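What follows is a set of notes on a single structure, which appears directly below.
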Amino acid sequence: MTTLTLTRSRAPRAPAAAFGSIVLNEARLAWRQPAGMIAGTGIALLLLVIFGEVPAFSQPSGQLGGYSPFDTYIPILMCFSIALIAFIYLPGPLVSYRELGILRRLSTTPVPAYWVLAAQIVVQACLMTATLALLVTVSIVFFGISAPANPAAMVLAIALCMAALFAIGLAIAALARTASAARGLMAAVLYPMLFFAGLYYPVQLMGSVIQDISHFTPLGAAVPAIGESWVGQFPPAQPLLVLAGYALVFGYLAKRFFRWE
Amino acid sequence: MKAAITPGTSEPGASMDLDSGGEGESMAAAEISHLRKTYGPLVAVDDVSFSVTEGEIFGILGPNGAGKTTTVECAIGLRSPDSGSVRLMGIDPQADRARIHEITGVQLQSSAFPSKLRVGEIIDMYRSFYRNPADVGEMTAALGLADKRRSYYRSLSGGQQQRLSVVLALVGAPRIAVLDEMTTGLDPQARRDAWELIEHIRDRGTTVLLVTHFMEEAERLCDRVALIDSGRIIALDTPAGLAAQAAGAKTVRFLPSAAVDDSLLTRLPEVTAVEHDGHHIVVTGTGELATSVIVALHAAGVLAQDVRTDASTLEDAFVQLTGRHLHEAEQGAQL
């Protein structure tokens with residue numbers, strides 16, 4: 001019977017080094033097609049610098065709880081760059097790999113095709129981390145913002161935000177049949193999400209109904225969680241649970257519906 | 001190299017003794033029994049059975065849309081058959097894909113790679129997938145890719161991309177290589193290089209399952225060929241056997257240097273008929289016909305000049321068995 005269980009096993013048999021070589025090639029591809037890196041990092045950084053240079057934006061405002069508009073924009077821009085990378089530069093290659101038959105070809109090797117997904121996540125997560133570190137550093141060094149007071153809580157909030165948005169991005173990659181369908185779905189999800197993050201207008205100044213809805217959207221939950229941990233509080237459980245919920249539900253959907261060909 | 005169509009189903013315990021099965025009696029590298037696969041109303045593969053011996057180059061020949069690709073995709077576990085059974089080295093691909101992927105190397109008909117990766121980077125990555133990979137330098141040299149290692153995939157010509165795909169199928173030093181239309185899009189020289197490489201890896205013990213619609217390729221490479229048409233195997237034999245089965249006779253036509261008595265030729269066991277066509281003599285027969293005719297003439301002091309021999313080919317076999325030419329069948333499939 002032992003042989004029987006052996007033949008049933010699904011454990012990946014590929015050497016562990018294979019994963020490293022996939023990550024290396026995915027990183028090369030990201031580097032050689034830098035549009036993603038430039039957009040994901042550059043747009044958020046550009047907006048940060050512009051907002052930082054507008055004098056009115058640095059005036060503390062009672063409506064914003066004593067913070068300046070620039071203060072409130074920092075976590076929004078962090079979430080914005082996470083969303084750009086997770087929605088545009090994570091699923092894009094995966095959908096095109098599927099269209100080109102790259103995933104199908106991989107599925108005839110000892111390497112499980114989901115390793116490509118995992119490698120993409122590793123590469124994009126590194127890119128995101130570097131982008132966020134850059135945004136935080138520039139805010140502190142050039143615009144006099146104090147360093148995050150509760151870095152552990154902030155890392156947790158950011159990690160949950162990344163997990164939620166990766167899961168949504170992958171679910172869209174799983175459900176979209178073509179690269180152009182994926183792009184359409186991304187845009188349809190991304191822009192409302194950015195609205196609830198407060199990118200266009202501060203959420204604090206919107207009606208209470210919209211604020212309530214916002215707290216149940218991924219970025220509407222992530223922005224205050226990151227902001228609060230920056231000024232030293234541990235964020236309440238609600239936004240963290242919302243993010244974890246998105247990560248789990250959409251992670252499951254992505255796993256359940258991902259098509260390799 | 002002799003194995004017949006084996007209609008019996010393999011017993012359920014077959015996969016248990018596969019590790020010891022390689023010793024002793026020669027094991028079937030691939031055992032396909034009563035394979036059937038439908039796509040909606042279309043029956044792509046209908047009751048296909050064959051068995052491939054270890055170290056054999058086995059060809060699956062037929063027009064486009066005949067079910068060749070579906071057959072091999074079921075064989076390697078990419079598709080699950082509706083019914084029938086598949087065993088590669090005794091392993092059921094549906095039950096244990098991981099082990100199948102270790103022992104097989106696959107070249108799919110349409111596969112692409114990221115355009116901005118270099119050839120060497122793609123090869124190194126695929127090489128890292130296997131525990132005991134093959135010597136890549138030798139293969140890239142054999143297929144004319146040695147100086148392309150630093151080229152981006154997108155800069156390769158179609159033929160070079162195809163050759164890279166063949167290298168990647170063999171990079172894991174597979175026990176069974178499955179090559180689907182390996183030489184489509186290759187120029188004649190590259191095609192011969194690819195054939196040589198395949199013979200070379202077979203000499204080192206790899207079993208080759210070759211899907212093709214090139215007669216010449218099947219005749220040159222394959223130990224045995226299954227002719228597939230409309231999802232069914234219509235003939236299975238050696239290329240020469242199939243050709244002989246189709247037309248049987250060969251002819252030798254020559255101009256004798258002196259008058260020849262017909263009986264000199266008719267008493268040869270290989271000869272079945274002797275005809276005269278002007279000054280030429282046309283001998284029909286089987287086996288080593290040309291050799292025995294020329295030797296017999298030489299013994300009688302007659303020289304055979306302007307010798308032309310005609311043997312029936314796989315193409316003849318296909319025409320005889322299906323009533324169509326291969327390329328006609330292809331055009332039909334495209335309509």
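Chains: A, B, ... in order of the structure tokens. Residues: from 1 per chain. Ligands: from 1, in order shown.
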
Polymer residues at most 10 Å from stretch 103-114 of chain A, only C-alpha atoms, same-chain spacing of 2 or more positions, as an MDAnalysis selection string: (chainID A and resid 10:16 18:19 22 94:101 116:120 255 258:261) or (chainID B and resid 73 76:78 97:108 110:113 126 128:131 165 168:169 172)

Can I get the selected residues back with C-alpha atoms, as a compact mmCIF listing (two decimals), in the first residue's frame?
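Below is the file result_3.txt, written as the result:
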# COMPACT_ATOMS: atom_id res chain seq x y z
CA ARG A 10 1.24 15.46 -5.20
CA ALA A 11 4.31 16.80 -3.50
CA PRO A 12 6.38 18.86 -5.91
CA ARG A 13 9.46 16.92 -6.90
CA ALA A 14 11.30 19.73 -8.61
CA PRO A 15 14.53 20.84 -6.97
CA ALA A 16 14.09 23.86 -4.70
CA ALA A 18 14.09 25.70 -9.61
CA PHE A 19 12.00 28.23 -7.69
CA ILE A 22 12.01 31.23 -11.86
CA LEU A 94 0.25 35.91 -15.73
CA VAL A 95 -2.63 36.45 -18.17
CA SER A 96 -0.23 36.80 -21.09
CA TYR A 97 1.70 33.69 -20.00
CA ARG A 98 -1.56 31.83 -20.13
CA GLU A 99 -2.45 33.26 -23.54
CA LEU A 100 0.96 32.37 -24.97
CA GLY A 101 0.89 28.81 -23.62
CA VAL A 116 5.25 31.07 -11.52
CA LEU A 117 2.44 32.78 -9.63
CA ALA A 118 4.44 32.58 -6.43
CA ALA A 119 7.54 33.91 -8.18
CA GLN A 120 5.52 36.84 -9.55
CA LYS A 255 -7.01 29.37 -6.39
CA PHE A 258 -7.26 29.96 -11.95
CA ARG A 259 -6.97 28.45 -15.42
CA TRP A 260 -3.62 27.37 -16.74
CA GLU A 261 -4.64 27.40 -20.39
CA GLU B 73 -1.70 15.00 -24.81
CA ILE B 76 1.38 12.76 -21.02
CA GLY B 77 -1.55 13.64 -18.77
CA LEU B 78 -2.26 17.10 -20.21
CA ARG B 97 1.48 13.62 -12.82
CA ALA B 98 4.52 14.58 -10.79
CA ARG B 99 6.37 11.37 -11.69
CA ILE B 100 5.26 11.57 -15.31
CA HIS B 101 6.69 15.08 -15.56
CA GLU B 102 10.01 13.84 -14.25
CA ILE B 103 10.42 11.09 -16.81
CA THR B 104 8.93 12.80 -19.86
CA GLY B 105 10.11 15.72 -21.94
CA VAL B 106 7.47 17.40 -24.02
CA GLN B 107 7.57 19.65 -27.04
CA LEU B 108 4.11 21.07 -27.61
CA SER B 110 2.40 25.78 -29.90
CA SER B 111 4.50 27.03 -27.08
CA ALA B 112 6.07 30.40 -26.57
CA PHE B 113 8.39 31.84 -23.98
CA TYR B 126 14.25 24.65 -17.53
CA SER B 128 17.00 23.67 -13.02
CA PHE B 129 13.62 21.90 -13.03
CA TYR B 130 15.21 18.45 -13.30
CA ARG B 131 17.38 16.48 -10.92
CA SER B 165 11.51 24.15 -27.94
CA LEU B 168 13.80 22.30 -23.77
CA ALA B 169 11.93 19.04 -24.30
CA GLY B 172 15.68 17.00 -18.49

Using DSSP assignments from the backbone, pull out every residue in stretch 8-254 of chain A that falls under alpha helix (DSSP H) and give it to me as an MDAnalysis selection string. chainID A and resid 8 17:32 35:53 69:84 91:100 102:106 114:143 151:175 179:197 208:214 218:230 237:254

Please run DSSP on the backbone and report, as a ChimeraX atom specification, all residues within stretch 38-174 of chain B that come out as strand (DSSP E or B). /B:38-39,42-53,57-61,83-88,91,104-107,118,152

I want to know what sits within 7 Å of stretch 72-83 of chain A, based on only C-alpha atoms, with residues of the same chain fewer than 6 positions away left out; could you give that as a PyMOL selection string? chain A and resi 40-41+44+128+132+162+165+194+197-199+219+223+226-227

Atom pair atom CA of B:Leu221 / atom CA of B:Arg308: separation (Å): 24.5 Å

Which residues come within 7 Å of A:Ala222, counting only C-alpha atoms, excluding same-chain residues fewer than 4 positions away, as a list in words? Ala157, Cys161, Pro218, Ile226 and Pro239 of chain A

I need the residues from that last selection saved to file as a PDB file, in the first residue's frame (with all heavy atoms), if you can.
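Final file, out-v7.pdb:
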ATOM      1  N   ALA A 157      -0.253  46.206   8.945  1.00  0.00           N
ATOM      2  CA  ALA A 157      -1.318  46.781   8.123  1.00  0.00           C
ATOM      3  C   ALA A 157      -0.936  46.731   6.643  1.00  0.00           C
ATOM      4  O   ALA A 157      -1.751  46.384   5.779  1.00  0.00           O
ATOM      5  CB  ALA A 157      -1.600  48.220   8.555  1.00  0.00           C
ATOM      6  N   CYS A 161      -2.705  44.655   3.635  1.00  0.00           N
ATOM      7  CA  CYS A 161      -3.175  45.383   2.454  1.00  0.00           C
ATOM      8  C   CYS A 161      -2.617  44.736   1.190  1.00  0.00           C
ATOM      9  O   CYS A 161      -3.339  44.502   0.215  1.00  0.00           O
ATOM     10  CB  CYS A 161      -2.741  46.845   2.558  1.00  0.00           C
ATOM     11  SG  CYS A 161      -3.201  47.831   1.127  1.00  0.00           S
ATOM     12  N   PRO A 218     -11.265  47.553   0.451  1.00  0.00           N
ATOM     13  CA  PRO A 218      -9.885  47.217   0.843  1.00  0.00           C
ATOM     14  C   PRO A 218      -9.036  48.451   1.163  1.00  0.00           C
ATOM     15  O   PRO A 218      -8.397  48.513   2.213  1.00  0.00           O
ATOM     16  CB  PRO A 218      -9.340  46.477  -0.382  1.00  0.00           C
ATOM     17  CG  PRO A 218     -10.527  46.016  -1.138  1.00  0.00           C
ATOM     18  CD  PRO A 218     -11.627  46.969  -0.857  1.00  0.00           C
ATOM     19  N   ILE A 226      -3.041  52.165   8.169  1.00  0.00           N
ATOM     20  CA  ILE A 226      -1.639  52.570   8.022  1.00  0.00           C
ATOM     21  C   ILE A 226      -1.416  53.921   8.697  1.00  0.00           C
ATOM     22  O   ILE A 226      -0.431  54.127   9.428  1.00  0.00           O
ATOM     23  CB  ILE A 226      -1.249  52.627   6.523  1.00  0.00           C
ATOM     24  CG1 ILE A 226      -1.296  51.219   5.910  1.00  0.00           C
ATOM     25  CG2 ILE A 226       0.134  53.234   6.339  1.00  0.00           C
ATOM     26  CD1 ILE A 226      -1.130  51.180   4.399  1.00  0.00           C
ATOM     27  N   PRO A 239     -10.586  47.294  10.480  1.00  0.00           N
ATOM     28  CA  PRO A 239      -9.957  47.358   9.156  1.00  0.00           C
ATOM     29  C   PRO A 239      -9.025  46.185   8.894  1.00  0.00           C
ATOM     30  O   PRO A 239      -8.942  45.688   7.750  1.00  0.00           O
ATOM     31  CB  PRO A 239      -9.179  48.678   9.175  1.00  0.00           C
ATOM     32  CG  PRO A 239      -9.079  49.068  10.590  1.00  0.00           C
ATOM     33  CD  PRO A 239     -10.253  48.470  11.302  1.00  0.00           C
TER      34      PRO A 239
END

Could you jot down the atom CA of B:Asp203 to atom CA of B:Gly158 separation for me, Å, one decimal place?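 Distance between the two atoms: 28.1 Å.
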